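S.K.: Here it is, the structure, as structure tokens.
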Amino acid sequence: MPERLDRSILAVPASEPEKVKKAVASAADAVFLDLEDAVPPDQKDAARGEAARALQELDWGSKTRMVRINGLDTPWAYRDLVEVCEVAAASLDCVVVPKVGRPEEVAFVDILLGQVEARLGLAHRIRIHALVESAQGLANVDRIAAASPRLEALSFGPGDFAASVGMPASAIGTHDAWDDLYPGHRWHYAMQRVLVAARAHGLRAYDGPSAEFRDLGAFRRLCLVARALGFDGKWCIHPAQIPVVHEVFSPTPEEVAWARRVVAAYEAAQAEGRGAITVDGKMVDAASLRMAHATLARSRDR
Ligand code: COA
Ligand code: MG
């Protein structure tokens, strides 16, 4: 499993080459070229060629290179995989599979990618990022998370999920009057469920997109909720959202300093035969050590 610390995943329609250039030149940690919902049906075929060209010809620097294929219940998905991967597999890190409802869908993508890799003699293994955004997907999320060793992450998709279960929502992944009315956080169950399934299988977890790209204060609150639960990062649909995601999903210098103090104090205490000590006026034991290591694992300044 490649160790990625991606916090932001920027979506861009593969059918819009000028926007794709800007996305690839942006500050995002990862970019996915969308073949699915941001591309109209009459442009689906042409968009594959655009995606393959962008993967091969643009300078992606250290960005994670991703493509989102169409759902496996459409007539486009298998051609997305074959046409993009056969041409550009060497420049592709990960395939995002949307609307995953059953583990068999992940297994299908795994097997097909394996065939393409074998034919090309590819040196690296293309990864899978599964998007859980339906009632069926959430009901099967543990089996989905276990479906392939190629899986590296799960994302929760709020827009399609709302449509799938009949939740009223005025826009994709935004806060509205329904959220104020609900006693608690009405996305909590679905988000926590996806997060726990991901972690139980050693995967990273991302909160999906928010259509809120003008009111960055409101967007930041959505990021903080996802961060509070433990998500690694969030999708962006607009470059303005990227710095907000980086700020919220990076451990602060204070958090990193606390983690280093805990590790140092705990190691010193263990050498003296003690397992519970006081740091900054609070009890520290082996669980604190695991929390500290989790913080340091998310730090780019290790
Ligand atoms: N990637 C790269 N550049 C983007 C971008 C994106 N996702 N979204 C906007 N930009 C660029 C615009 O092209 C524009 O560039 P310019 O100043 O050089 O002309 C600049 O950022 C400002 O854009 P703005 O005018 O604020 O927004 P817009 O009206 O052009 O676009 C959206 C708004 C929502 C249509 C656009 O952000 C978008 O296409 N987002 C991605 C949609 C998507 O992929 N959805 C599927 C996954 S959920
Ligand atoms: Mg969706």
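In the structure tokens, chains take letters A, B, ... by order of appearance, with residues numbered from 1 within each chain and ligands from 1 in the order shown.
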May I have the residues within 8 Å of ligand 2, computed using only C-alpha atoms and all ligand atoms, as a PyMOL selection string?
M.R.: chain A and resi 37+98-99+131+133+157-161
S.K.: Give me the residues within 9 Å of Ala171 (chain A) as a list in words, counting only C-alpha atoms and dropping any in the same chain fewer than 6 places off.
M.R.: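 Contacts, with the query itself left out: Gly159, Ser210, Ala211 and Glu212 of chain A.
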S.K.: I'd like the contact shell of Val39 (chain A) - 7 Å cut-off, only C-alpha atoms, skipping same-chain residues fewer than 3 positions apart - returned as a PyMOL selection string.
M.R.: chain A and resi 13+15+35-36+43-44
S.K.: Using only C-alpha atoms and all ligand atoms, which residues of the polymer chains come no farther than 7 Å from ligand 1? I'd like the answer as a count of residues only.
M.R.: 15
S.K.: Have a look at A:Ser164, A:Gln192, A:Ser148, A:Gln241 and name the one nearest to Tyr206 (chain A); count only C-alpha atoms.
M.R.: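 Of all the options, A:Gln192 lies closest to Tyr206 (chain A).
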S.K.: What lies within 7 Å of Arg68 (chain A) using only C-alpha atoms, ignoring chain neighbours under 2 positions off, as a list in words?
M.R.: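 Those residues are Phe32, Leu33, Asp34, Leu35, Glu36, Met66, Asn70, Val95, Val96 and Val97 of chain A.
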S.K.: Pick out the closest residue to Val165 (chain A) from this set: A:Ala139, A:Leu151, A:Leu181, A:Ile277. Count only C-alpha atoms.
M.R.: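 Of A:Ala139, A:Leu151, A:Leu181, A:Ile277, the one nearest Val165 (chain A), counting only C-alpha atoms, is A:Ala139.
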S.K.: Taking only C-alpha atoms into account, which of A:Val279, A:Val244, A:Ala30, A:Ala205 comes nearest Cys94 (chain A)?
M.R.: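 Under the stated criterion, the closest residue is A:Ala30.
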S.K.: Let me make sure I understand: among A:Asp142, A:Glu86, A:Glu104, A:Glu18, which one has the smallest atom-to-atom distance to Glu117 (chain A) if we use only C-alpha atoms?
M.R.: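 With only C-alpha atoms as the atom set, the closest residue is A:Glu86.
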S.K.: Mind the document's chain letters and residue numbers, and return as a count of residues only the residues of region 53-190 of chain A that DSSP labels strand (DSSP E or B).
M.R.: 21
S.K.: As a PyMOL selection string, please: every residue in region 65-300 of chain A that a backbone DSSP assignment puts in helix (DSSP H, G or I).
M.R.: chain A and resi 77-91+103-120+135-139+141-145+158-165+177-181+188-200+216-229+239-249+253-271+286-297
S.K.: For the residues in the current selection, export C-alpha atoms as a compact mmCIF listing (two decimals), in the first residue's frame.
M.R.:
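Writing the result to again32.txt gives the following:
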```
# COMPACT_ATOMS: atom_id res chain seq x y z
CA ALA A 77 -17.75 1.90 -17.12
CA TYR A 78 -15.91 -0.99 -18.78
CA ARG A 79 -14.84 1.18 -21.71
CA ASP A 80 -13.66 3.88 -19.27
CA LEU A 81 -11.36 1.35 -17.65
CA VAL A 82 -10.10 -0.22 -20.87
CA GLU A 83 -9.65 2.95 -22.92
CA VAL A 84 -8.07 5.14 -20.26
CA CYS A 85 -5.92 2.48 -18.62
CA GLU A 86 -4.59 0.86 -21.79
CA VAL A 87 -3.29 4.23 -22.94
CA ALA A 88 -2.32 5.93 -19.70
CA ALA A 89 -1.87 3.25 -17.02
CA ALA A 90 1.77 4.21 -16.50
CA SER A 91 0.62 7.72 -15.48
CA PRO A 103 -18.25 -5.85 -3.28
CA GLU A 104 -18.50 -7.61 -6.66
CA GLU A 105 -18.20 -4.22 -8.36
CA VAL A 106 -14.83 -3.61 -6.72
CA ALA A 107 -13.77 -7.16 -7.60
CA PHE A 108 -14.70 -6.56 -11.25
CA VAL A 109 -12.55 -3.43 -11.42
CA ASP A 110 -9.71 -5.27 -9.65
CA ILE A 111 -9.73 -8.15 -12.16
CA LEU A 112 -9.97 -5.89 -15.18
CA LEU A 113 -7.11 -3.69 -13.95
CA GLY A 114 -5.04 -6.82 -13.36
CA GLN A 115 -5.52 -7.87 -16.97
CA VAL A 116 -4.57 -4.45 -18.31
CA GLU A 117 -1.49 -4.34 -16.07
CA ALA A 118 -0.41 -7.82 -17.18
CA ARG A 119 -0.79 -6.95 -20.85
CA LEU A 120 1.22 -3.76 -20.44
CA ALA A 135 -28.29 2.87 0.77
CA GLN A 136 -27.02 -0.37 -0.78
CA GLY A 137 -23.40 0.77 -0.55
CA LEU A 138 -23.75 1.73 3.10
CA ALA A 139 -25.51 -1.55 3.95
CA VAL A 141 -19.79 -1.14 3.32
CA ASP A 142 -17.77 -3.67 5.36
CA ARG A 143 -17.76 -6.19 2.51
CA ILE A 144 -16.92 -3.41 0.05
CA ALA A 145 -13.96 -2.31 2.19
CA PRO A 158 -23.49 13.08 0.34
CA GLY A 159 -25.39 14.11 -2.81
CA ASP A 160 -26.16 10.69 -4.22
CA PHE A 161 -26.63 9.32 -0.70
CA ALA A 162 -29.33 11.93 0.04
CA ALA A 163 -31.06 11.02 -3.22
CA SER A 164 -30.75 7.29 -2.54
CA VAL A 165 -32.38 7.35 0.90
CA ALA A 177 -32.48 24.25 7.27
CA TRP A 178 -32.96 20.47 7.51
CA ASP A 179 -29.66 20.20 9.38
CA ASP A 180 -30.82 22.81 11.89
CA LEU A 181 -34.09 20.95 12.38
CA HIS A 188 -23.36 11.33 11.41
CA TYR A 189 -24.45 7.72 11.03
CA ALA A 190 -23.49 7.42 7.38
CA MET A 191 -20.18 9.24 7.76
CA GLN A 192 -19.15 7.31 10.86
CA ARG A 193 -20.18 4.02 9.25
CA VAL A 194 -17.98 4.65 6.19
CA LEU A 195 -15.09 5.82 8.37
CA VAL A 196 -15.19 2.78 10.66
CA ALA A 197 -15.41 0.34 7.71
CA ALA A 198 -12.43 2.05 6.10
CA ARG A 199 -10.33 1.96 9.25
CA ALA A 200 -11.28 -1.63 10.05
CA LEU A 216 -15.67 29.36 2.74
CA GLY A 217 -16.58 29.85 6.40
CA ALA A 218 -19.54 27.49 5.91
CA PHE A 219 -17.30 25.09 3.98
CA ARG A 220 -14.73 25.17 6.79
CA ARG A 221 -17.37 24.10 9.31
CA LEU A 222 -18.21 21.09 7.11
CA CYS A 223 -14.50 20.22 7.00
CA LEU A 224 -14.21 20.49 10.78
CA VAL A 225 -17.10 18.06 11.29
CA ALA A 226 -15.41 15.50 9.03
CA ARG A 227 -12.08 16.09 10.74
CA ALA A 228 -13.68 15.73 14.18
CA LEU A 229 -14.86 12.24 13.23
CA PRO A 239 -9.70 25.56 -6.12
CA ALA A 240 -10.87 28.03 -3.46
CA GLN A 241 -11.72 25.10 -1.20
CA ILE A 242 -8.18 23.61 -1.26
CA PRO A 243 -6.44 25.84 1.35
CA VAL A 244 -9.37 25.37 3.75
CA VAL A 245 -9.05 21.58 3.49
CA HIS A 246 -5.28 21.73 3.99
CA GLU A 247 -5.64 23.91 7.06
CA VAL A 248 -8.32 21.76 8.71
CA PHE A 249 -6.86 18.34 7.85
CA PRO A 253 2.00 22.68 15.33
CA GLU A 254 0.52 22.49 18.86
CA GLU A 255 -0.94 19.03 18.18
CA VAL A 256 2.39 17.81 16.80
CA ALA A 257 4.29 19.31 19.76
CA TRP A 258 1.86 17.61 22.19
CA ALA A 259 2.32 14.28 20.39
CA ARG A 260 6.11 14.57 20.60
CA ARG A 261 5.95 15.43 24.31
CA VAL A 262 3.71 12.44 24.99
CA VAL A 263 5.98 10.03 23.07
CA ALA A 264 9.11 11.32 24.84
CA ALA A 265 7.53 11.32 28.31
CA TYR A 266 5.98 7.89 27.82
CA GLU A 267 9.26 6.35 26.65
CA ALA A 268 11.09 7.85 29.64
CA ALA A 269 8.37 6.57 32.00
CA GLN A 270 8.49 3.08 30.52
CA ALA A 271 12.26 2.98 31.05
CA ALA A 286 -0.66 3.59 26.35
CA ALA A 287 -3.88 4.88 24.71
CA SER A 288 -2.43 8.41 24.74
CA LEU A 289 0.66 7.02 23.04
CA ARG A 290 -1.50 5.57 20.24
CA MET A 291 -3.29 8.92 19.87
CA ALA A 292 0.08 10.66 19.67
CA HIS A 293 1.36 8.25 17.02
CA ALA A 294 -1.87 8.75 15.02
CA THR A 295 -1.25 12.52 15.06
CA LEU A 296 2.38 12.10 14.02
CA ALA A 297 1.33 9.74 11.21
```
S.K.: Which is closer to Ser155 (chain A) than all the others in A:Ile69, A:Val132, A:Leu92, A:Ile9, using only C-alpha atoms?
M.R.: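 Between A:Ile69, A:Val132, A:Leu92, A:Ile9, the residue approaching Ser155 (chain A) most closely is A:Val132.
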S.K.: So, counting only C-alpha atoms, which residue among A:Gly202, A:Ser170, A:Phe213, A:Asp6 is closest to Arg65 (chain A)?
M.R.: A:Asp6
S.K.: Using CA of Leu55 (chain A) and CA of Ala123 (chain A) as the two end points, give the distance in Å to one decimal.
M.R.: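 Atom-to-atom, CA of Leu55 (chain A) and CA of Ala123 (chain A) are spaced 16.7 Å apart.
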